[in-house]
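Novice: Contents of query.cif (mmCIF, C-alpha atoms) are below:
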data_structure
#
loop_
_atom_site.label_atom_id
_atom_site.label_comp_id
_atom_site.auth_asym_id
_atom_site.auth_seq_id
_atom_site.Cartn_x
_atom_site.Cartn_y
_atom_site.Cartn_z
CA MET R 1 -19.16 92.37 2.23
CA THR R 2 -17.58 88.97 1.55
CA GLY R 3 -20.57 87.07 0.22
CA PHE R 4 -20.11 84.26 2.75
CA ASP R 5 -23.27 82.28 3.48
CA ASN R 6 -22.90 82.24 7.26
CA VAL R 7 -21.73 84.51 10.07
CA MET R 8 -20.87 83.96 13.71
CA ALA R 9 -20.67 86.32 16.68
CA GLY R 10 -17.15 85.66 17.86
CA TRP R 11 -15.04 82.56 18.21
CA GLY R 12 -15.43 80.11 21.11
CA ASP R 13 -13.72 81.86 24.03
CA PHE R 14 -12.88 79.35 26.74
CA LEU R 15 -11.49 82.08 28.97
CA VAL R 16 -14.84 83.90 29.04
CA GLU R 17 -16.63 80.64 29.77
CA ALA R 18 -14.07 79.62 32.40
CA ARG R 19 -14.34 83.02 34.07
CA ALA R 20 -18.07 82.49 34.42
CA HIS R 21 -17.19 79.37 36.46
CA GLY R 22 -14.76 81.18 38.76
CA THR R 23 -11.46 81.61 36.92
CA GLN R 24 -10.06 85.13 37.39
CA TRP R 25 -8.35 87.10 34.67
CA LYS R 26 -6.09 90.12 34.27
CA TRP R 27 -5.27 92.54 31.46
CA PRO R 28 -1.47 92.67 31.27
CA GLU R 29 -1.24 94.17 27.79
CA GLY R 30 -3.71 97.01 27.62
CA ASP R 31 -6.40 96.26 25.08
CA PHE R 32 -5.00 92.85 24.12
CA TYR R 33 -6.44 89.52 25.23
CA PRO R 34 -6.83 88.96 28.99
CA ARG R 35 -4.75 86.34 30.77
CA VAL R 36 -5.53 84.01 33.66
CA ALA R 37 -4.76 85.57 37.04
CA LYS R 38 -6.02 82.64 39.10
CA TYR R 39 -7.69 79.40 38.09
CA ALA R 40 -10.98 78.59 39.78
CA ILE R 41 -9.59 75.18 40.68
CA GLU R 42 -6.10 75.13 42.18
CA SER R 43 -6.33 71.57 43.49
CA PRO R 44 -8.71 68.70 42.68
CA LYS R 45 -10.64 69.20 45.95
CA ASP R 46 -11.70 72.65 44.68
CA ILE R 47 -13.72 70.93 41.95
CA ASP R 48 -16.53 70.37 44.45
CA GLU R 49 -17.00 74.15 44.74
CA VAL R 50 -17.70 74.78 41.05
CA GLN R 51 -21.38 75.15 40.17
CA PRO R 52 -23.29 75.33 36.87
CA VAL R 53 -23.93 78.84 35.57
CA ASP R 54 -26.48 80.45 33.30
CA PRO R 55 -24.50 82.22 30.54
CA MET R 56 -27.09 84.97 30.28
CA ASP R 57 -26.55 85.86 33.95
CA ASP R 58 -22.80 86.33 33.51
CA GLU R 59 -21.42 89.80 32.71
CA PHE R 60 -19.10 88.56 29.98
CA TRP R 61 -20.43 85.22 28.71
CA SER R 62 -23.77 86.90 28.00
CA VAL R 63 -22.10 89.27 25.49
CA PRO R 64 -21.47 86.81 22.61
CA LEU R 65 -24.81 85.16 23.37
CA LYS R 66 -26.68 88.45 23.05
CA ALA R 67 -24.60 89.39 20.00
CA THR R 68 -25.68 86.17 18.29
CA GLY R 69 -29.31 87.04 18.92
CA ASN R 70 -28.79 90.56 17.58
CA MET R 71 -27.09 89.22 14.44
CA ASN R 72 -29.90 86.77 13.86
CA GLU R 73 -32.47 89.54 14.09
CA ARG R 74 -30.58 91.76 11.67
CA VAL R 75 -29.26 89.37 9.01
CA GLY R 76 -30.77 85.97 9.82
CA ASN R 77 -33.06 86.22 6.80
CA GLU R 78 -30.02 86.71 4.51
CA VAL R 79 -27.40 84.28 5.87
CA ASP R 80 -27.20 81.55 8.49
CA VAL R 81 -26.15 82.83 11.90
CA PHE R 82 -24.17 80.37 14.02
CA GLY R 83 -23.93 80.29 17.77
CA CYS R 84 -20.55 79.39 19.26
CA ILE R 85 -19.50 77.67 22.46
CA CYS R 86 -16.57 75.59 23.70
CA SER R 87 -16.89 71.92 24.55
CA PRO R 88 -17.08 70.87 28.22
CA MET R 89 -13.48 69.65 28.25
CA VAL R 90 -12.14 72.85 26.70
CA ILE R 91 -13.98 74.92 29.32
CA ALA R 92 -12.89 72.62 32.15
CA SER R 93 -9.27 72.79 31.03
CA GLU R 94 -9.31 76.56 31.55
CA ILE R 95 -11.19 76.37 34.84
CA MET R 96 -8.19 74.56 36.31
CA GLY R 97 -5.43 74.92 33.69
CA LEU R 98 -4.75 72.40 30.95
CA GLU R 99 -1.72 70.75 32.52
CA ALA R 100 -3.41 70.37 35.91
CA TYR R 101 -6.54 69.13 34.20
CA LEU R 102 -4.71 66.43 32.24
CA MET R 103 -2.89 65.31 35.38
CA ALA R 104 -6.18 65.15 37.28
CA THR R 105 -7.67 62.84 34.66
CA VAL R 106 -5.11 60.32 35.92
CA THR R 107 -4.98 61.08 39.64
CA ASP R 108 -8.57 62.23 40.35
CA ALA R 109 -10.63 60.86 37.47
CA ASP R 110 -13.93 60.79 39.38
CA ARG R 111 -13.62 64.45 40.33
CA VAL R 112 -12.85 65.39 36.75
CA GLU R 113 -15.97 63.59 35.59
CA HIS R 114 -17.93 65.53 38.21
CA LEU R 115 -16.52 68.82 36.88
CA LEU R 116 -17.48 67.90 33.33
CA LYS R 117 -21.05 67.17 34.44
CA VAL R 118 -21.22 70.64 36.02
CA VAL R 119 -19.98 72.30 32.83
CA VAL R 120 -22.40 70.27 30.70
CA GLU R 121 -25.26 71.76 32.75
CA SER R 122 -23.97 75.24 31.86
CA THR R 123 -23.88 74.35 28.16
CA LYS R 124 -27.47 73.13 28.43
CA ALA R 125 -28.48 76.57 29.68
CA TYR R 126 -26.72 78.08 26.66
CA ALA R 127 -28.71 75.79 24.36
CA GLU R 128 -32.00 76.95 25.87
CA HIS R 129 -31.16 80.61 25.27
CA ILE R 130 -29.76 80.23 21.77
CA SER R 131 -32.72 78.16 20.59
CA LYS R 132 -35.17 80.81 21.79
CA MET R 133 -33.33 83.34 19.61
CA GLY R 134 -34.20 81.39 16.47
CA VAL R 135 -30.61 80.34 15.80
CA GLN R 136 -30.47 76.89 14.21
CA THR R 137 -26.76 75.94 14.26
CA VAL R 138 -24.08 76.05 16.95
CA PHE R 139 -20.34 75.72 16.39
CA ILE R 140 -18.67 73.80 19.25
CA ASP R 141 -14.92 74.33 19.70
CA ASN R 142 -13.42 70.98 20.75
CA GLY R 143 -9.71 71.44 20.04
CA THR R 144 -8.63 69.28 22.98
CA ALA R 145 -9.64 66.01 21.29
CA GLY R 146 -6.20 65.43 19.79
CA MET R 147 -4.04 62.35 19.85
CA GLU R 148 -0.88 64.44 20.29
CA MET R 149 -1.62 65.00 24.00
CA ASN R 150 -4.28 62.42 24.92
CA SER R 151 -4.69 58.69 24.79
CA LEU R 152 -7.70 57.35 22.95
CA GLU R 153 -9.14 56.07 26.23
CA SER R 154 -8.77 59.51 27.83
CA ILE R 155 -10.42 61.29 24.90
CA GLU R 156 -13.39 58.94 24.92
CA ARG R 157 -13.86 59.08 28.70
CA PHE R 158 -13.28 62.76 29.42
CA ASP R 159 -13.88 64.52 26.13
CA THR R 160 -16.27 62.98 23.65
CA ARG R 161 -18.54 61.48 26.33
CA SER R 162 -19.23 64.85 27.95
CA MET R 163 -19.49 66.56 24.57
CA LYS R 164 -22.09 63.99 23.48
CA ASN R 165 -24.21 65.01 26.48
CA THR R 166 -23.98 68.61 25.29
CA VAL R 167 -24.77 67.64 21.70
CA ASP R 168 -27.78 65.59 22.83
CA SER R 169 -29.09 68.61 24.74
CA PHE R 170 -28.64 70.88 21.74
CA HIS R 171 -30.35 68.38 19.46
CA SER R 172 -33.29 68.22 21.89
CA HIS R 173 -33.80 71.94 21.19
CA GLY R 174 -33.73 71.38 17.44
CA LEU R 175 -30.22 72.79 17.05
CA LYS R 176 -27.65 71.44 14.60
CA ILE R 177 -24.05 71.03 15.72
CA ILE R 178 -20.76 71.70 13.95
CA ALA R 179 -17.95 70.05 15.91
CA HIS R 180 -14.64 71.91 15.50
CA ASN R 181 -11.30 70.21 16.13
CA CYS R 182 -8.15 72.25 15.57
CA SER R 183 -5.66 69.80 17.09
CA GLN R 184 -2.68 68.56 15.11
CA GLN R 185 -3.89 64.94 15.22
CA PRO R 186 -7.67 65.26 15.58
CA TYR R 187 -9.68 62.29 16.75
CA LEU R 188 -12.66 62.46 14.40
CA ASP R 189 -14.35 59.10 14.96
CA GLY R 190 -15.96 60.30 18.18
CA TYR R 191 -18.02 62.91 16.36
CA LEU R 192 -19.71 60.18 14.34
CA ASP R 193 -20.75 58.39 17.52
CA MET R 194 -22.16 61.54 19.10
CA GLY R 195 -24.17 62.45 16.00
CA ALA R 196 -22.50 65.76 15.11
CA ASP R 197 -24.23 67.24 12.08
CA ALA R 198 -20.93 68.51 10.66
CA VAL R 199 -17.24 68.24 11.53
CA HIS R 200 -14.76 71.09 11.00
CA PHE R 201 -11.04 70.28 11.02
CA HIS R 202 -7.73 71.48 9.59
CA LEU R 203 -6.39 69.89 6.44
CA LEU R 204 -3.02 69.17 8.04
CA PRO R 205 -0.21 66.79 7.03
CA ALA R 206 -1.45 64.40 9.73
CA ILE R 207 -4.77 64.14 7.88
CA ASP R 208 -5.02 61.58 5.10
CA LEU R 209 -7.50 63.51 3.01
CA MET R 210 -8.91 60.65 0.94
CA ASP R 211 -9.20 58.22 3.87
CA THR R 212 -10.79 60.89 6.07
CA PHE R 213 -13.29 61.91 3.43
CA ALA R 214 -14.21 58.28 2.81
CA LYS R 215 -14.77 57.69 6.53
CA LEU R 216 -16.97 60.76 7.04
CA LYS R 217 -18.83 60.94 3.73
CA GLY R 218 -22.48 60.00 4.06
CA ARG R 219 -22.29 59.97 7.86
CA THR R 220 -21.82 63.67 8.61
CA ALA R 221 -21.23 66.88 6.71
CA VAL R 222 -17.60 67.94 6.43
CA MET R 223 -16.33 71.49 6.84
CA ALA R 224 -12.84 71.26 5.36
CA GLY R 225 -10.53 73.99 6.66
CA ILE R 226 -7.88 75.41 4.34
CA ASP R 227 -4.69 77.10 5.58
CA HIS R 228 -5.62 80.49 7.04
CA LEU R 229 -2.08 81.37 8.21
CA ARG R 230 -0.12 81.00 5.00
CA LEU R 231 -2.54 80.55 2.12
CA LEU R 232 -5.29 83.04 3.00
CA PHE R 233 -2.97 85.51 4.72
CA GLU R 234 0.08 85.40 2.47
CA GLY R 235 -1.05 83.55 -0.66
CA THR R 236 -2.41 84.80 -3.96
CA PRO R 237 -5.88 84.39 -5.48
CA PRO R 238 -4.61 81.81 -8.01
CA GLU R 239 -3.02 79.75 -5.20
CA ILE R 240 -6.25 79.88 -3.22
CA ASP R 241 -8.23 78.81 -6.28
CA THR R 242 -5.92 75.82 -6.84
CA GLU R 243 -6.27 74.65 -3.23
CA VAL R 244 -10.05 74.94 -3.21
CA ALA R 245 -10.31 73.09 -6.53
CA SER R 246 -8.16 70.22 -5.25
CA ILE R 247 -10.24 69.76 -2.10
CA ILE R 248 -13.52 69.74 -3.99
CA ALA R 249 -12.09 67.30 -6.54
CA ALA R 250 -10.94 64.99 -3.74
CA TRP R 251 -14.45 65.00 -2.26
CA GLY R 252 -16.22 64.30 -5.53
CA ASP R 253 -19.82 64.95 -6.50
CA ASP R 254 -21.46 63.78 -3.27
CA PRO R 255 -23.30 66.33 -1.11
CA GLY R 256 -22.16 67.30 2.36
CA LEU R 257 -18.96 69.30 1.78
CA MET R 258 -18.38 72.84 3.05
CA ILE R 259 -15.17 74.79 2.59
CA SER R 260 -13.90 77.15 5.28
CA PRO R 261 -10.73 78.61 6.76
CA GLU R 262 -8.90 76.34 9.20
CA SER R 263 -9.53 78.78 12.03
CA GLU R 264 -10.32 82.46 12.49
CA MET R 265 -8.77 84.55 9.73
CA LEU R 266 -6.00 86.89 10.79
CA PHE R 267 -7.05 90.51 11.29
CA LYS R 268 -5.14 91.88 8.30
CA THR R 269 -6.02 89.12 5.83
CA LEU R 270 -6.42 90.84 2.47
CA MET R 271 -10.03 91.33 1.44
CA GLU R 272 -9.10 90.33 -2.11
CA ASN R 273 -7.98 86.94 -0.80
CA ILE R 274 -11.18 86.50 1.19
CA ILE R 275 -13.27 87.34 -1.87
CA ALA R 276 -11.11 85.05 -4.03
CA PHE R 277 -11.69 82.26 -1.53
CA ARG R 278 -15.47 82.65 -1.65
CA GLU R 279 -15.49 82.93 -5.44
CA ALA R 280 -13.34 79.80 -5.81
CA VAL R 281 -15.74 77.82 -3.64
CA ALA R 282 -18.71 79.04 -5.67
CA ARG R 283 -16.96 78.37 -8.98
CA HIS R 284 -15.61 74.87 -8.31
CA GLY R 285 -18.49 73.83 -6.09
CA THR R 286 -21.09 74.33 -8.78
CA MET R 287 -19.24 73.06 -11.84
#
Using structure tokens, write down the structure from this file.
Specialist:
Amino acid sequence: MTGFDNVMAGWGDFLVEARAHGTQWKWPEGDFYPRVAKYAIESPKDIDEVQPVDPMDDEFWSVPLKATGNMNERVGNEVDVFGCICSPMVIASEIMGLEAYLMATVTDADRVEHLLKVVVESTKAYAEHISKMGVQTVFIDNGTAGMEMNSLESIERFDTRSMKNTVDSFHSHGLKIIAHNCSQQPYLDGYLDMGADAVHFHLLPAIDLMDTFAKLKGRTAVMAGIDHLRLLFEGTPPEIDTEVASIIAAWGDDPGLMISPESEMLFKTLMENIIAFREAVARHGTM
């Protein structure tokens, strides 16, 4: 319908993945998103009770996994089908709650590292299943690696280190990794060290576009995310075209650039804007 060159079965859902590890949820608003009823970990000592899980054995986590396989069977010969999973830290932060998790990285650091190792084992099981489906690329949601709420030392110890273990496992199955970071001040250097095949981030005011492109170019592919809240949702086709053209011009003629929305497009985003977005990328990306 849109002419995009890739599709993905759902966005990384840390609540589904956290529920598989023991977090309980409730449905307070009918058919809207569920909410946490009780975290699996209510105190650091509960960390010892959490065990790795096989996503395919879980009632809910298996759904997007199976959907990815179904999509690959149906349209995998036409477009790339991406798998999607959250990073170990994102999952862990919903197993015990983000605030409690961040506090525990200070007060119970060893236990937090143990929890991350458990979650990494679950992501390894995901990698085994997704690779058997013939999927070649997995999108990893890692929005917690932001300088606005973490120190650099904390990010490197509790976030990028565990994510590298996941990435290494995925690479061992022949999978390529797109590392997604939707934080306001994303720490991008860590993705170079872990060997991410592509990095997806928001083109925010905190991002120096030229410096960031120069740092990443030639070392990883870049998936540059344009404003999905204002530009794609409320903007006009000419405005979208201008934004896409400016990003491609800033990158230059080198290979390795992809253009995407910053995050998932809002439900009522106009189809004409989505088509205009794709056409602008095709037009300016091949001139």
Novice: I'd like to see the residues matched by the PyMOL selection byres ((chain R and resi 9) around 8) on this file, and ideally I'd get them as a PDB file with C-alpha atoms, in the frame of the given file.
Specialist:
ATOM      1  CA  VAL R   7     -21.730  84.510  10.070  1.00  0.00           C
ATOM      2  CA  MET R   8     -20.870  83.960  13.710  1.00  0.00           C
ATOM      3  CA  GLY R  10     -17.150  85.660  17.860  1.00  0.00           C
ATOM      4  CA  TRP R  11     -15.040  82.560  18.210  1.00  0.00           C
ATOM      5  CA  PRO R  64     -21.470  86.810  22.610  1.00  0.00           C
ATOM      6  CA  LEU R  65     -24.810  85.160  23.370  1.00  0.00           C
ATOM      7  CA  ALA R  67     -24.600  89.390  20.000  1.00  0.00           C
ATOM      8  CA  THR R  68     -25.680  86.170  18.290  1.00  0.00           C
ATOM      9  CA  MET R  71     -27.090  89.220  14.440  1.00  0.00           C
ATOM     10  CA  PHE R  82     -24.170  80.370  14.020  1.00  0.00           C
ATOM     11  CA  GLY R  83     -23.930  80.290  17.770  1.00  0.00           C
ATOM     12  CA  CYS R  84     -20.550  79.390  19.260  1.00  0.00           C
TER      13      CYS R  84
END
Novice: Once the PyMOL selection byres ((chain R and resi 127) around 10) is applied to the coordinates I shared, what remains selected? I want it as a VMD selection string.
Specialist: chain R and resid 55 83 85 121 to 126 128 to 132 135 138 166 to 167 169 to 175
Novice: Once the PyMOL selection byres ((chain R and resi 180-196) around 7) is applied to the coordinates I shared, what remains selected? I want it as JSON, numbers by chain.
Specialist: {"R": [139, 140, 141, 142, 143, 144, 145, 146, 147, 148, 160, 164, 177, 178, 179, 197, 198, 199, 200, 201, 202, 206, 219, 220]}
Novice: When distances are computed from all atoms listed in the file, which of R:Ala40, R:Met1, R:Met149, R:Leu15 shows the smallest separation from Met271 in chain R?
Specialist: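 That would be R:Met1, the residue with the smallest distance to Met271 in chain R.
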Novice: I want to know what sits within 8 Å of Asp80 in chain R, based on all atoms listed in the file, with residues of the same chain fewer than 2 positions away left out; could you give that as an MDAnalysis selection string?
Specialist: chainID R and resid 5:7 72 76:78 82
Novice: So how far away is CA of Ser154 in chain R from CA of Thr107 in chain R, in Å?
Specialist: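 Going from CA of Thr107 in chain R over to CA of Ser154 in chain R covers 12.5 Å.
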Novice: Considering only C-alpha atoms, state which residue in the set R:Ala282, R:Ala221, R:Pro237, R:His228 is at the smallest distance from Glu264 in chain R.
Specialist: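 So, comparing all the options, the nearest one is R:His228.
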Novice: Work out how far apart CA of Gly218 in chain R and CA of Asp254 in chain R are and give it in Å to one decimal.
Specialist: 8.3 Å
Novice: With all atoms listed in the file as the atoms that count, which of R:Met133, R:Ile259, R:Val79, R:Ala37 lies nearest to His284 in chain R?
Specialist: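 Of R:Met133, R:Ile259, R:Val79, R:Ala37, the one nearest His284 in chain R, counting all atoms listed in the file, is R:Ile259.
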